[in-house]
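Asker: Dumping the structure here so I can ask a few things about it.
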Amino acid sequence: TYSQRPAGSSTGEPAADGERTILIGGNWKCNGTIESVKEIIKVFNEAGPIPAKVEVAICAPALHLGICLSELREDIAVGGQNCGVNDKAGAYTGEISAAQLLDFGCEWVIIGHSERREGFEMAGEDEELCAKKLKVAVDAGLKVMFAIGEKKEEREAGTTMDVCAKQLAPAAKLLTEEDWANVAIAYEPVWAIGTGLTATPEMAQETHASIREWVAENVSADVAKAVRIQYGGSMKGANAKDLLAQPDIDGGLIGGASLKADFFNVVNGI
């Protein structure tokens with residue numbers, strides 16, 4: 001346990017019964033030094049209260065999780081960006097297991113980010129592997145931001161929902177209905193990640209509504225109503241308000257902007 005984390009502060013009313021709490025996740029990707037991480041933590045710690053209807057989590061590189069869990073304000077949860085598919089300790093060189101993330105103090109993990117599905121000069125993670133990791137992480141006691149989304153050519157071919165359904169289907173097979181309480185779906189149009197391109201709020205809303213409809217048909221109406229669907233395509237302070245105003249956009253998974261003070265403009269963009 002990390003007892004010395006600074007206290008956070010809250011403002012406003014929490015989400016009403018039946019209303020989904022907004023989830024703003026920051027994904028620092030492979031960025032940061034000890035010095036720069038300490039600097040951005042200081043910025044976040046001094047950024048004022050977090051709206052009571054917003055939940056915030058930072059997913060940091062594994063090497064920086066300890067700094068976050070020691071120094072980051074306690075009302076921002078900390079998570080990993082990936083975990084192993086192994087549900088037990090053992091001969092998995094280079095892997096960090098979900099159980100180890102939990103033991104270290106993490107609450108969240110991102111599974112299935114498009115960069116990992118694609119791979120970096122190595123085989124990417126396919127739908128089945130991402131679904132297995134999701135189940136292992138939830139079973140270990142972590143909450144998961146499960147990332148799905150289409151590439152530019154798939155969007156242009158009109159197959160966005162086919163791609164999303166293909167990525168969700170193996171997960172829906174493995175998860176129990178209860179498991180979904182610990183899962184958020186992060187919809188990331190791959191063509192809008194780090195490119196500065198953003199789906200219009202209306203485009204994003206249309207896909208989010210289709211994803212919720214898919215969950216209603218393939219999991220249950222209750223899960224569809226409760227599950228949070230984050231938008232993950234270049235959300236920043238300048239566009240967060242318009243995106244978060246959409247009825248089926250329940251938060252964001254923020255890349256570049258989560259390394260800057262602008263992250264709190266997203267947090268306050270409700």
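Convention: chains lettered A, B, ... in structure tokens order; per-chain residue numbering from 1; ligands numbered from 1 as shown.
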For stretch 211-227 of chain A, find every residue with an atom within 10 Å (counting only C-alpha atoms), except residues of its own chain fewer than 5 positions away, and show them as a ChimeraX atom specification.
Answerer: /A:18-21,161,164-165,168-169,172-173,175-185,187,205-206,248,250
Asker: What residues in stretch 27-261 of chain A get the DSSP label helix (DSSP H, G or I)? Please answer as a CSV table (one decimal) with N, CA, C and O atoms, in the first residue's frame.
Answerer:
chain,number,residue,atom,x,y,z
A,34,ILE,N,11.8,9.7,-15.5
A,34,ILE,CA,11.5,9.9,-14.1
A,34,ILE,C,11.2,11.4,-13.9
A,34,ILE,O,10.2,11.7,-13.3
A,35,GLU,N,12.0,12.2,-14.5
A,35,GLU,CA,11.9,13.7,-14.3
A,35,GLU,C,10.5,14.2,-14.9
A,35,GLU,O,9.8,14.9,-14.2
A,36,SER,N,10.2,13.8,-16.1
A,36,SER,CA,9.0,14.3,-16.8
A,36,SER,C,7.8,13.8,-16.1
A,36,SER,O,6.8,14.5,-16.1
A,37,VAL,N,7.8,12.5,-15.7
A,37,VAL,CA,6.6,11.9,-15.0
A,37,VAL,C,6.4,12.7,-13.7
A,37,VAL,O,5.2,13.0,-13.4
A,38,LYS,N,7.4,13.0,-12.9
A,38,LYS,CA,7.2,13.7,-11.7
A,38,LYS,C,6.7,15.1,-12.0
A,38,LYS,O,5.8,15.6,-11.2
A,39,GLU,N,7.1,15.7,-13.1
A,39,GLU,CA,6.6,17.1,-13.5
A,39,GLU,C,5.1,17.0,-13.8
A,39,GLU,O,4.3,17.9,-13.3
A,40,ILE,N,4.6,16.0,-14.6
A,40,ILE,CA,3.2,16.0,-15.0
A,40,ILE,C,2.4,15.6,-13.8
A,40,ILE,O,1.2,16.1,-13.6
A,41,ILE,N,2.9,14.8,-12.9
A,41,ILE,CA,2.2,14.4,-11.7
A,41,ILE,C,1.9,15.7,-10.8
A,41,ILE,O,0.8,15.9,-10.3
A,42,LYS,N,2.9,16.5,-10.7
A,42,LYS,CA,2.8,17.8,-10.0
A,42,LYS,C,1.7,18.6,-10.6
A,42,LYS,O,0.9,19.2,-9.9
A,43,VAL,N,1.7,18.7,-11.9
A,43,VAL,CA,0.6,19.5,-12.6
A,43,VAL,C,-0.7,18.9,-12.3
A,43,VAL,O,-1.7,19.7,-12.0
A,44,PHE,N,-0.9,17.6,-12.4
A,44,PHE,CA,-2.2,17.0,-12.1
A,44,PHE,C,-2.6,17.2,-10.6
A,44,PHE,O,-3.8,17.4,-10.3
A,45,ASN,N,-1.6,17.1,-9.7
A,45,ASN,CA,-1.9,17.2,-8.3
A,45,ASN,C,-2.4,18.6,-8.0
A,45,ASN,O,-3.1,18.8,-7.0
A,62,ALA,N,5.2,0.6,-17.3
A,62,ALA,CA,5.4,-0.2,-16.1
A,62,ALA,C,6.4,0.4,-15.2
A,62,ALA,O,6.3,0.4,-14.0
A,63,LEU,N,7.5,0.9,-15.8
A,63,LEU,CA,8.6,1.5,-15.0
A,63,LEU,C,8.2,2.7,-14.1
A,63,LEU,O,8.8,3.0,-13.2
A,64,HIS,N,7.1,3.4,-14.6
A,64,HIS,CA,6.6,4.6,-13.9
A,64,HIS,C,5.4,4.4,-13.0
A,64,HIS,O,4.9,5.3,-12.4
A,65,LEU,N,5.0,3.1,-12.9
A,65,LEU,CA,3.8,2.9,-12.1
A,65,LEU,C,4.1,3.1,-10.6
A,65,LEU,O,3.2,3.7,-9.9
A,66,GLY,N,5.3,2.8,-10.2
A,66,GLY,CA,5.6,3.0,-8.7
A,66,GLY,C,5.6,4.5,-8.4
A,66,GLY,O,5.1,4.9,-7.3
A,67,ILE,N,6.1,5.3,-9.3
A,67,ILE,CA,6.1,6.8,-9.0
A,67,ILE,C,4.7,7.3,-8.9
A,67,ILE,O,4.3,8.0,-8.0
A,68,CYS,N,3.8,6.8,-9.9
A,68,CYS,CA,2.4,7.2,-9.8
A,68,CYS,C,1.7,6.8,-8.6
A,68,CYS,O,1.0,7.5,-7.9
A,69,LEU,N,2.0,5.6,-8.1
A,69,LEU,CA,1.4,5.0,-6.9
A,69,LEU,C,1.9,5.6,-5.7
A,69,LEU,O,1.4,5.4,-4.6
A,70,SER,N,3.0,6.3,-5.7
A,70,SER,CA,3.6,7.0,-4.6
A,70,SER,C,3.2,8.5,-4.5
A,70,SER,O,3.0,9.0,-3.5
A,71,GLU,N,3.1,9.1,-5.7
A,71,GLU,CA,3.1,10.6,-5.7
A,71,GLU,C,1.8,11.2,-6.4
A,71,GLU,O,1.5,12.3,-6.1
A,98,ALA,N,-1.4,-9.9,-14.8
A,98,ALA,CA,-2.5,-9.1,-14.2
A,98,ALA,C,-2.4,-9.1,-12.7
A,98,ALA,O,-2.6,-8.1,-12.0
A,99,ALA,N,-2.1,-10.3,-12.1
A,99,ALA,CA,-2.1,-10.4,-10.7
A,99,ALA,C,-0.9,-9.6,-10.1
A,99,ALA,O,-1.1,-9.0,-9.0
A,100,GLN,N,0.2,-9.4,-10.8
A,100,GLN,CA,1.3,-8.6,-10.4
A,100,GLN,C,0.9,-7.1,-10.4
A,100,GLN,O,1.2,-6.3,-9.5
A,101,LEU,N,0.2,-6.7,-11.4
A,101,LEU,CA,-0.3,-5.3,-11.5
A,101,LEU,C,-1.2,-5.0,-10.3
A,101,LEU,O,-1.1,-4.0,-9.7
A,102,LEU,N,-2.1,-5.9,-10.0
A,102,LEU,CA,-3.0,-5.7,-8.9
A,102,LEU,C,-2.3,-5.7,-7.6
A,102,LEU,O,-2.5,-4.8,-6.7
A,103,ASP,N,-1.3,-6.6,-7.4
A,103,ASP,CA,-0.5,-6.7,-6.2
A,103,ASP,C,0.3,-5.4,-6.0
A,103,ASP,O,0.5,-5.0,-4.8
A,104,PHE,N,0.7,-4.8,-7.1
A,104,PHE,CA,1.5,-3.6,-7.0
A,104,PHE,C,0.7,-2.3,-6.7
A,104,PHE,O,1.2,-1.3,-6.3
A,114,SER,N,-4.9,-0.6,-30.2
A,114,SER,CA,-4.7,-0.9,-31.6
A,114,SER,C,-3.2,-1.0,-31.9
A,114,SER,O,-2.8,-1.8,-32.8
A,115,GLU,N,-2.4,-0.3,-31.2
A,115,GLU,CA,-0.9,-0.4,-31.4
A,115,GLU,C,-0.4,-1.8,-31.1
A,115,GLU,O,0.5,-2.4,-31.8
A,116,ARG,N,-1.0,-2.5,-30.1
A,116,ARG,CA,-0.6,-3.8,-29.7
A,116,ARG,C,-1.3,-4.9,-30.7
A,116,ARG,O,-0.7,-5.9,-31.0
A,117,ARG,N,-2.5,-4.6,-31.1
A,117,ARG,CA,-3.2,-5.5,-32.1
A,117,ARG,C,-2.4,-5.5,-33.4
A,117,ARG,O,-2.3,-6.5,-34.1
A,118,GLU,N,-1.8,-4.3,-33.7
A,118,GLU,CA,-1.0,-4.2,-35.0
A,118,GLU,C,0.4,-4.8,-34.8
A,118,GLU,O,0.9,-5.5,-35.7
A,127,GLU,N,-7.7,-11.1,-32.1
A,127,GLU,CA,-8.9,-11.0,-31.3
A,127,GLU,C,-9.0,-12.0,-30.2
A,127,GLU,O,-9.4,-11.7,-29.1
A,128,GLU,N,-8.6,-13.2,-30.5
A,128,GLU,CA,-8.7,-14.3,-29.5
A,128,GLU,C,-7.8,-14.0,-28.3
A,128,GLU,O,-8.1,-14.2,-27.1
A,129,LEU,N,-6.5,-13.6,-28.6
A,129,LEU,CA,-5.6,-13.3,-27.6
A,129,LEU,C,-6.0,-12.2,-26.7
A,129,LEU,O,-6.0,-12.2,-25.5
A,130,CYS,N,-6.5,-11.1,-27.3
A,130,CYS,CA,-7.0,-9.9,-26.6
A,130,CYS,C,-8.1,-10.3,-25.7
A,130,CYS,O,-8.2,-9.9,-24.5
A,131,ALA,N,-9.0,-11.2,-26.1
A,131,ALA,CA,-10.2,-11.6,-25.3
A,131,ALA,C,-9.7,-12.4,-24.1
A,131,ALA,O,-10.2,-12.3,-23.0
A,132,LYS,N,-8.7,-13.3,-24.4
A,132,LYS,CA,-8.2,-14.1,-23.3
A,132,LYS,C,-7.5,-13.3,-22.2
A,132,LYS,O,-7.7,-13.5,-21.0
A,133,LYS,N,-6.7,-12.3,-22.7
A,133,LYS,CA,-6.1,-11.3,-21.7
A,133,LYS,C,-7.1,-10.6,-20.9
A,133,LYS,O,-7.0,-10.3,-19.7
A,134,LEU,N,-8.2,-10.2,-21.6
A,134,LEU,CA,-9.3,-9.4,-20.9
A,134,LEU,C,-9.9,-10.3,-19.8
A,134,LEU,O,-10.0,-9.8,-18.6
A,135,LYS,N,-10.2,-11.6,-20.1
A,135,LYS,CA,-10.7,-12.5,-19.1
A,135,LYS,C,-9.8,-12.7,-17.9
A,135,LYS,O,-10.2,-12.7,-16.7
A,136,VAL,N,-8.5,-12.9,-18.2
A,136,VAL,CA,-7.5,-13.1,-17.2
A,136,VAL,C,-7.4,-11.9,-16.3
A,136,VAL,O,-7.3,-12.0,-15.1
A,137,ALA,N,-7.4,-10.7,-16.9
A,137,ALA,CA,-7.3,-9.5,-16.1
A,137,ALA,C,-8.5,-9.3,-15.2
A,137,ALA,O,-8.3,-8.9,-14.0
A,138,VAL,N,-9.7,-9.5,-15.7
A,138,VAL,CA,-10.9,-9.3,-14.9
A,138,VAL,C,-10.9,-10.4,-13.8
A,138,VAL,O,-11.2,-10.1,-12.6
A,139,ASP,N,-10.6,-11.6,-14.1
A,139,ASP,CA,-10.5,-12.7,-13.1
A,139,ASP,C,-9.5,-12.4,-12.0
A,139,ASP,O,-9.7,-12.7,-10.8
A,140,ALA,N,-8.4,-11.7,-12.3
A,140,ALA,CA,-7.4,-11.3,-11.3
A,140,ALA,C,-7.9,-10.2,-10.4
A,140,ALA,O,-7.3,-10.0,-9.3
A,152,LYS,N,-8.5,3.1,-41.3
A,152,LYS,CA,-9.0,4.1,-42.2
A,152,LYS,C,-9.7,3.4,-43.4
A,152,LYS,O,-10.8,3.7,-43.8
A,153,GLU,N,-9.0,2.4,-44.0
A,153,GLU,CA,-9.6,1.7,-45.1
A,153,GLU,C,-10.9,0.9,-44.8
A,153,GLU,O,-11.8,0.8,-45.6
A,154,GLU,N,-11.0,0.5,-43.5
A,154,GLU,CA,-12.2,-0.2,-43.1
A,154,GLU,C,-13.4,0.8,-42.9
A,154,GLU,O,-14.5,0.5,-43.2
A,155,ARG,N,-13.0,2.0,-42.4
A,155,ARG,CA,-14.0,3.1,-42.2
A,155,ARG,C,-14.5,3.4,-43.6
A,155,ARG,O,-15.7,3.6,-43.9
A,156,GLU,N,-13.6,3.6,-44.6
A,156,GLU,CA,-14.0,4.0,-45.9
A,156,GLU,C,-14.8,2.9,-46.7
A,156,GLU,O,-15.6,3.2,-47.5
A,160,THR,N,-16.9,-0.6,-40.5
A,160,THR,CA,-16.6,-0.2,-39.1
A,160,THR,C,-17.2,-1.2,-38.1
A,160,THR,O,-16.5,-1.7,-37.2
A,161,MET,N,-18.5,-1.4,-38.2
A,161,MET,CA,-19.2,-2.2,-37.2
A,161,MET,C,-18.8,-3.7,-37.3
A,161,MET,O,-18.8,-4.4,-36.3
A,162,ASP,N,-18.5,-4.1,-38.5
A,162,ASP,CA,-18.1,-5.5,-38.7
A,162,ASP,C,-16.8,-5.8,-37.9
A,162,ASP,O,-16.6,-6.8,-37.3
A,163,VAL,N,-15.9,-4.8,-38.1
A,163,VAL,CA,-14.6,-4.9,-37.4
A,163,VAL,C,-14.8,-4.9,-35.9
A,163,VAL,O,-14.2,-5.7,-35.2
A,164,CYS,N,-15.6,-4.0,-35.4
A,164,CYS,CA,-15.8,-3.8,-33.9
A,164,CYS,C,-16.4,-5.1,-33.4
A,164,CYS,O,-16.0,-5.6,-32.3
A,165,ALA,N,-17.4,-5.7,-34.1
A,165,ALA,CA,-18.1,-6.9,-33.7
A,165,ALA,C,-17.1,-8.1,-33.7
A,165,ALA,O,-17.2,-8.9,-32.7
A,166,LYS,N,-16.2,-8.1,-34.6
A,166,LYS,CA,-15.2,-9.2,-34.7
A,166,LYS,C,-14.3,-9.1,-33.5
A,166,LYS,O,-13.9,-10.2,-33.0
A,167,GLN,N,-14.0,-7.9,-33.0
A,167,GLN,CA,-13.1,-7.8,-31.9
A,167,GLN,C,-13.9,-8.0,-30.6
A,167,GLN,O,-13.3,-8.5,-29.6
A,168,LEU,N,-15.2,-7.7,-30.5
A,168,LEU,CA,-16.0,-7.9,-29.3
A,168,LEU,C,-16.4,-9.4,-29.1
A,168,LEU,O,-16.6,-9.8,-28.0
A,169,ALA,N,-16.7,-10.1,-30.2
A,169,ALA,CA,-17.3,-11.4,-30.1
A,169,ALA,C,-16.6,-12.4,-29.3
A,169,ALA,O,-17.2,-13.0,-28.4
A,170,PRO,N,-15.2,-12.6,-29.4
A,170,PRO,CA,-14.6,-13.5,-28.5
A,170,PRO,C,-14.6,-13.1,-27.1
A,170,PRO,O,-14.6,-14.0,-26.2
A,171,ALA,N,-14.6,-11.8,-26.8
A,171,ALA,CA,-14.7,-11.3,-25.4
A,171,ALA,C,-16.1,-11.7,-24.8
A,171,ALA,O,-16.2,-12.1,-23.7
A,172,ALA,N,-17.1,-11.5,-25.6
A,172,ALA,CA,-18.5,-11.7,-25.2
A,172,ALA,C,-18.6,-13.2,-24.8
A,172,ALA,O,-19.4,-13.6,-23.9
A,173,LYS,N,-17.9,-14.1,-25.6
A,173,LYS,CA,-18.0,-15.5,-25.3
A,173,LYS,C,-17.3,-15.9,-23.9
A,173,LYS,O,-17.8,-16.8,-23.2
A,174,LEU,N,-16.2,-15.2,-23.6
A,174,LEU,CA,-15.5,-15.6,-22.4
A,174,LEU,C,-16.0,-14.9,-21.1
A,174,LEU,O,-15.8,-15.5,-20.1
A,178,GLU,N,-21.6,-10.8,-15.1
A,178,GLU,CA,-21.0,-10.1,-13.9
A,178,GLU,C,-19.7,-9.4,-14.3
A,178,GLU,O,-19.4,-8.4,-13.8
A,179,ASP,N,-18.9,-10.1,-15.1
A,179,ASP,CA,-17.6,-9.6,-15.4
A,179,ASP,C,-17.6,-8.2,-16.1
A,179,ASP,O,-16.7,-7.4,-15.9
A,180,TRP,N,-18.7,-8.0,-16.8
A,180,TRP,CA,-18.8,-6.7,-17.6
A,180,TRP,C,-18.9,-5.5,-16.7
A,180,TRP,O,-18.6,-4.4,-17.1
A,181,ALA,N,-19.2,-5.7,-15.4
A,181,ALA,CA,-19.2,-4.5,-14.4
A,181,ALA,C,-17.8,-4.0,-14.3
A,181,ALA,O,-17.6,-2.8,-13.9
A,182,ASN,N,-16.8,-4.7,-14.7
A,182,ASN,CA,-15.4,-4.3,-14.5
A,182,ASN,C,-14.7,-4.0,-15.9
A,182,ASN,O,-13.5,-4.0,-16.0
A,190,VAL,N,-8.9,3.8,-35.5
A,190,VAL,CA,-7.4,3.8,-35.6
A,190,VAL,C,-6.9,4.9,-36.4
A,190,VAL,O,-5.8,5.5,-36.1
A,191,TRP,N,-7.6,5.3,-37.4
A,191,TRP,CA,-7.2,6.4,-38.3
A,191,TRP,C,-7.2,7.8,-37.6
A,191,TRP,O,-6.6,8.7,-38.1
A,192,ALA,N,-7.7,7.8,-36.4
A,192,ALA,CA,-7.8,9.1,-35.7
A,192,ALA,C,-6.8,9.2,-34.5
A,192,ALA,O,-6.9,10.1,-33.7
A,201,PRO,N,-18.3,14.5,-33.6
A,201,PRO,CA,-19.1,14.0,-32.5
A,201,PRO,C,-20.2,13.1,-33.0
A,201,PRO,O,-20.5,12.1,-32.4
A,202,GLU,N,-20.8,13.5,-34.1
A,202,GLU,CA,-22.0,12.7,-34.6
A,202,GLU,C,-21.5,11.4,-35.2
A,202,GLU,O,-22.2,10.3,-35.0
A,203,MET,N,-20.4,11.3,-35.9
A,203,MET,CA,-19.8,10.0,-36.3
A,203,MET,C,-19.5,9.1,-35.2
A,203,MET,O,-19.8,7.9,-35.2
A,204,ALA,N,-18.8,9.7,-34.2
A,204,ALA,CA,-18.4,8.9,-33.0
A,204,ALA,C,-19.7,8.4,-32.3
A,204,ALA,O,-19.8,7.2,-31.9
A,205,GLN,N,-20.7,9.2,-32.1
A,205,GLN,CA,-21.9,8.8,-31.5
A,205,GLN,C,-22.6,7.7,-32.2
A,205,GLN,O,-23.1,6.7,-31.6
A,206,GLU,N,-22.6,7.8,-33.5
A,206,GLU,CA,-23.3,6.7,-34.3
A,206,GLU,C,-22.6,5.4,-34.1
A,206,GLU,O,-23.3,4.4,-33.9
A,207,THR,N,-21.2,5.4,-34.0
A,207,THR,CA,-20.5,4.1,-33.8
A,207,THR,C,-20.8,3.6,-32.4
A,207,THR,O,-21.0,2.4,-32.1
A,208,HIS,N,-20.7,4.5,-31.4
A,208,HIS,CA,-20.9,4.2,-30.0
A,208,HIS,C,-22.3,3.6,-29.8
A,208,HIS,O,-22.5,2.6,-29.1
A,209,ALA,N,-23.3,4.2,-30.5
A,209,ALA,CA,-24.7,3.6,-30.4
A,209,ALA,C,-24.8,2.2,-31.0
A,209,ALA,O,-25.4,1.3,-30.4
A,210,SER,N,-24.0,2.0,-32.1
A,210,SER,CA,-24.0,0.7,-32.7
A,210,SER,C,-23.3,-0.4,-31.8
A,210,SER,O,-23.8,-1.5,-31.7
A,211,ILE,N,-22.3,0.1,-31.1
A,211,ILE,CA,-21.6,-0.8,-30.2
A,211,ILE,C,-22.5,-1.2,-29.1
A,211,ILE,O,-22.6,-2.4,-28.7
A,212,ARG,N,-23.2,-0.2,-28.5
A,212,ARG,CA,-24.1,-0.5,-27.4
A,212,ARG,C,-25.2,-1.4,-27.8
A,212,ARG,O,-25.6,-2.3,-27.1
A,213,GLU,N,-25.7,-1.2,-29.1
A,213,GLU,CA,-26.7,-2.1,-29.6
A,213,GLU,C,-26.2,-3.5,-29.8
A,213,GLU,O,-26.9,-4.5,-29.5
A,214,TRP,N,-25.0,-3.7,-30.2
A,214,TRP,CA,-24.3,-5.0,-30.4
A,214,TRP,C,-24.3,-5.7,-29.0
A,214,TRP,O,-24.6,-6.9,-28.9
A,215,VAL,N,-23.9,-4.9,-28.0
A,215,VAL,CA,-23.8,-5.5,-26.6
A,215,VAL,C,-25.2,-5.9,-26.1
A,215,VAL,O,-25.3,-7.0,-25.5
A,216,ALA,N,-26.2,-5.1,-26.4
A,216,ALA,CA,-27.6,-5.5,-26.0
A,216,ALA,C,-28.0,-6.8,-26.6
A,216,ALA,O,-28.6,-7.7,-26.0
A,217,GLU,N,-27.6,-7.0,-27.9
A,217,GLU,CA,-28.0,-8.2,-28.6
A,217,GLU,C,-27.2,-9.4,-28.3
A,217,GLU,O,-27.7,-10.5,-28.4
A,218,ASN,N,-25.9,-9.2,-28.0
A,218,ASN,CA,-25.0,-10.3,-27.8
A,218,ASN,C,-24.6,-10.6,-26.4
A,218,ASN,O,-24.0,-11.6,-26.1
A,221,ALA,N,-29.3,-6.6,-22.3
A,221,ALA,CA,-29.8,-5.2,-22.3
A,221,ALA,C,-29.2,-4.5,-21.1
A,221,ALA,O,-28.9,-3.3,-21.1
A,222,ASP,N,-29.1,-5.2,-19.9
A,222,ASP,CA,-28.6,-4.6,-18.7
A,222,ASP,C,-27.2,-4.2,-18.8
A,222,ASP,O,-26.8,-3.1,-18.4
A,223,VAL,N,-26.4,-5.1,-19.4
A,223,VAL,CA,-24.9,-4.7,-19.6
A,223,VAL,C,-24.8,-3.6,-20.6
A,223,VAL,O,-24.0,-2.6,-20.4
A,224,ALA,N,-25.6,-3.6,-21.6
A,224,ALA,CA,-25.5,-2.5,-22.6
A,224,ALA,C,-25.8,-1.2,-22.0
A,224,ALA,O,-25.2,-0.2,-22.3
A,225,LYS,N,-26.8,-1.2,-21.1
A,225,LYS,CA,-27.2,0.1,-20.4
A,225,LYS,C,-26.1,0.6,-19.5
A,225,LYS,O,-25.9,1.8,-19.4
A,226,ALA,N,-25.4,-0.3,-18.9
A,226,ALA,CA,-24.4,0.0,-17.8
A,226,ALA,C,-23.0,0.2,-18.3
A,226,ALA,O,-22.2,1.0,-17.8
A,237,GLY,N,-8.7,18.7,-24.9
A,237,GLY,CA,-9.5,19.8,-24.3
A,237,GLY,C,-10.4,20.5,-25.3
A,237,GLY,O,-11.6,20.8,-25.0
A,238,ALA,N,-9.9,20.7,-26.5
A,238,ALA,CA,-10.6,21.5,-27.5
A,238,ALA,C,-11.9,20.8,-28.0
A,238,ALA,O,-12.8,21.5,-28.4
A,239,ASN,N,-11.9,19.5,-28.0
A,239,ASN,CA,-13.1,18.8,-28.5
A,239,ASN,C,-13.9,17.9,-27.5
A,239,ASN,O,-14.9,17.3,-27.8
A,240,ALA,N,-13.3,17.8,-26.3
A,240,ALA,CA,-13.9,16.9,-25.3
A,240,ALA,C,-15.4,17.2,-25.0
A,240,ALA,O,-16.2,16.3,-24.9
A,241,LYS,N,-15.7,18.5,-24.8
A,241,LYS,CA,-17.0,18.9,-24.4
A,241,LYS,C,-18.1,18.4,-25.4
A,241,LYS,O,-19.1,17.8,-25.1
A,242,ASP,N,-17.8,18.6,-26.7
A,242,ASP,CA,-18.7,18.2,-27.8
A,242,ASP,C,-18.9,16.7,-27.9
A,242,ASP,O,-20.0,16.1,-28.1
A,243,LEU,N,-17.7,16.0,-27.7
A,243,LEU,CA,-17.8,14.5,-27.7
A,243,LEU,C,-18.5,14.0,-26.5
A,243,LEU,O,-19.4,13.1,-26.7
A,244,LEU,N,-18.2,14.5,-25.3
A,244,LEU,CA,-18.8,13.9,-24.1
A,244,LEU,C,-20.3,14.3,-24.0
A,244,LEU,O,-21.0,13.7,-23.2
A,256,GLY,N,-1.9,11.5,-26.4
A,256,GLY,CA,-1.1,12.7,-26.3
A,256,GLY,C,-1.4,13.7,-25.3
A,256,GLY,O,-0.6,14.2,-24.5
A,257,ALA,N,-2.7,14.0,-25.2
A,257,ALA,CA,-3.2,15.1,-24.3
A,257,ALA,C,-3.0,14.7,-22.8
A,257,ALA,O,-3.1,15.5,-21.9
A,258,SER,N,-2.9,13.4,-22.5
A,258,SER,CA,-2.7,12.9,-21.1
A,258,SER,C,-1.4,13.2,-20.6
A,258,SER,O,-1.1,13.0,-19.4
A,259,LEU,N,-0.4,13.6,-21.4
A,259,LEU,CA,0.9,13.9,-21.0
A,259,LEU,C,1.1,15.4,-20.7
A,259,LEU,O,2.2,15.9,-20.5
Asker: For A:Cys59, work out the shell of residues within 7 Å, counting only C-alpha atoms and skipping chain neighbours fewer than 2 positions away, then give it as a list in words.
Answerer: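 Here the answer would be Gly26, Asn27, Trp28, Ala57, Pro61, Val78, Gly79, Gly80, Gln81 and Val109 of chain A.
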Asker: Enter the distance from atom CA of A:Cys106 to atom CA of A:Gly124, in Å, rounded to one decimal.
Answerer: 24.7 Å
